[in-house]
Structure formats: C-alpha cells, structure tokens
Amino acid sequence: MTISGGLETGERLAGTSAAFDLALMRQTLNTELLRVKALIATAALFLVISVLVEIFQPKISEWIWPSRVGVLYVYAIIAAFIGFETLILFRIKADIRLGRDVPVIWRYVSALVETSLPTLVLMLQIEGIGHDKALGFGAPLVYFIFIILSTLRLDFWLSSFTGLVAAAELLIVALVDRPSIDVSQNPEIYYHGERSFIILLCGLLAGAVSVQLRRQFAASIEAASARDRVTDLFGQHVSPQVVERLMKEGTAEARDIREVAVMFVDFRGFTAAARSKPPQEVVDRLDGAFAVLVEILERHGGIVNKFLGDGFLALFGAPFESRDAAAQAVLAAREMVIAMERVNALSSWPLRIGIGIHLGEVVAGSIGSPRRKEYTVIGDTVNFASRLEALNKEFDSQLLISSEVRQAAGDGALDAVFHGEVSVRGYDRPFEVWQLQ
C-alpha cells in the first residue's frame, strides 16, 4: 500500500515536472521568437534607411561608402542576415509546434553569426573611410542591439557569449595593423581595450537580466501550474465556474445578493428502486444520468451547486450574473427531460426525472465554518424551488416552474400549462404553478 502510494506520488511529481519543463521551454522559444522578429525588423529598417539615404542624400552615402562596391557588400550582408534570421524564425516556429527545444549548439552558432554582422560592416567601413572614422561611426554601437536582445534568450551564458564575441571582435578589428600592442608605446590600445571591456560587461549584465527574466517566467509558470492543479482537483467537487470565482476572490469571503434561477432536479422513485440493486449498479446508474444532465446544464450556462443523493441543486446567474438566467434554465430543463427519455430507452433501469425552477433573490457566496466552507446560495428562492420540484409527484409531471420564471423566460415558456394557485408545503398562501412539457 505504501509502495503503491509512493509510486503514484512520484509519477505525479514527475508528470508535474515534465509539464513545467515543457511550459518553460515553450516560453523560452516564444521569447526567442520575439528576439528573432526584432532582429529582422531592425535589419530591414537599416536596409530601408540606407537605400533612402543613397537615393535622396547621395553625398552622405558617398562619404560613408566611397566605393560603390562597399555599399553593395553591406546590402548583401544585411540581406543575407535577414534570410538567415528568417530561417531561424521558421525553425523556432516548427520547434514550438512540435514541442521540441532548439539544440544548444545551434543557439551559440546563431549568436556567433549574428554578432559578427557589425564586425563585417565595420571592416568594410575601415576600408572605405579609414580606421579612426569607422571606429567612431555607428557600426560598433550595433553590438549593443544584439546584447540587449540576447536577454530574450533567457540564458546567462548565451548573453555573456554574445558580449564576449562582440568585445573580442571589436578589439581585434581595432588593433589590426597596429605596430605594437604595448600600451606604453601605443596608448590607443587602452582606449580600445576599455571600449571592449564595457561591451563585455554589458554582455554579463544582459546575462544577469536574462537569468532574472527566466526566474520570473518560471515562477509565473509554476503559479499557473499550481492554479491549474487546484482548479482540476477542486473542479471535480464543485463547478469550475465556482472555482474560478473563489480563486479570483482569493479570500473566498465575498457574498452578494443577486437574482438567480434556482433549479432542483430529482429522480422520482429512485430510492425505492435502488433497494433491490447492488450498490455499484446504483452508483453507475446515477453517474451515467448525472453526466448527461450536467453536460446539458453547463452548456446553457448553469452550474451544479451540490449533489443531493439522487438529485442536485443547479444555479443560473451565480456565481456569474446572467441577464437570461430564467430562459436558459427553461431551455436546459426541457433538453434534460428529452435527454433522459432517450437514455431510458437504452437502459434496463429507466429513471423518471422531476425538475422545479424558481427565480428570485438569494444570498450567494462562501458559507461555513472558518475551517470548512462551500459556495452556495441561501434564501426563500431556494426553498420554494425545492417545494416546487416536490409538486411534480402531485401533478404527475416532470417540469414545473413558478410564475416569476414564466414571465422572465418570455417566449421560452409561452406553452406553459397553468395549474392554478396551488398550496405549497411550508407556506401560508397559495402560489401560481406552471407546467412545461
């Protein structure tokens, strides 16, 4: 017994962990997808601006790119980069669809290729306008775009690697063809070294930010998973709509007065018939019938508030308000009667259903002791709906409604048959009772 319980617990934990890992992987891929889209949009913007400058301000373009071949190379590099990122985009979308992760090695390869783009442009600019002008122009600043967007990878080492590649390539390009790497003979090395160090530091800081983002995403996923587990578990005992409301309220202490259509459902003669049946057969018959009725109920916006042995209490308009609660309750009740007739035709144990519906104000909310509460409704509306359902035995009917329901349901209850003013147990005056077929 203990071993079996331990195995089941372990399997649940393993399943939960696997679901968490899958959700975190999907979140990582989605942020990676956002990063790639941002890179494609940025590269396309640079390409458009470059073309517009060349068309409308050719002198500026000629100053930046004295050689026509140089600018064509840059266009080719940017276009190739957009093509490369587009391939990555489709690959990530495919991975998300198939539920698989991108291999780590490919992440580092793409980081190396992407971060080398400004290096190639910088090298072409050095050939065109000279070493000092190119290093003081915009190309070295492009590294920061890749470093900033690397935070969306949610990986410290990938962001740090991006910063390292950018710092190393900038330093190498800056020091190429230098006569000496001795700081005493060539103080400019310190200048370039400091810039590269700052870029590396930015990569490390971006890595730290990505770690924090990953932790926040993980915490959000864990919280959502925990919420789903509670909803799944609690939702087997009460309506999912009730779970939703209680979790939104947090303290589950809120109560309010609202107009609700209250429906009582009961199987006539079930207790007497069940005496001659095995317990398991009784449970199976009830479960089968409840499954059919509850599905209809929920489809029309109603919820099961509680099961009452061989019947249940259902609500329309609580915990969430509904302007057509009475009409929906009538529609659901009619369909439930028809559905039970269809089920009875296929069963050796037919069940005759009785339904009573009343509309009125109730107090709705969580009621009980500090240690044990339940969401329910209280008020005379509930009591009268119960008494109304019990009258089905007297009229040999299956569906009775009050005058309030008939009026509120409109066209949905025009065919109701009036039974006159009927004495109701527990009340000192008669009430109008209507029957629906």
# chains A, B, ... in the order shown; residues from 1 in each chain; ligands from 1
>>> select_by_dssp(residues="region 202-425 of chain A", states="alpha helix (DSSP H)", output="number ranges by chain")
A: 202-234, 240-249, 270-274, 279-299, 325-345, 380-390, 392-395, 403-409
>>> closest_atom_pairs(of="region 316-351 of chain A", to="region 275-289 of chain A", cutoff="10 Å", atoms="only C-alpha atoms", output="Markdown table")
| residue | atom | partner | partner_atom | distance |
| --- | --- | --- | --- | --- |
| A:Met336 | CA | A:Ala289 | CA | 9.9 |
| A:Ala339 | CA | A:Ala289 | CA | 9.3 |
| A:Met340 | CA | A:Ala289 | CA | 7.5 |
| A:Val343 | CA | A:Ala289 | CA | 7.9 |
| A:Asn344 | CA | A:Ala289 | CA | 9.5 |
| A:Ser347 | CA | A:Arg285 | CA | 9.2 |
| A:Trp349 | CA | A:Arg285 | CA | 8.1 |
| A:Pro350 | CA | A:Arg285 | CA | 9.5 |
| A:Leu351 | CA | A:Ala289 | CA | 8.6 |
>>> closest_residue(among="A:Val382, A:Ile126, A:Ile355, A:Ala223", to="Trp434 (chain A)", atoms="only C-alpha atoms")
A:Ile355
>>> residues_around(residues="region 302-308 of chain A", least_positions_apart="2", cutoff="10 Å", atoms="only C-alpha atoms", output="number ranges by chain")
A: 237-242, 261-266, 290, 293-300, 310-320, 322, 325, 328-329, 332, 374-377
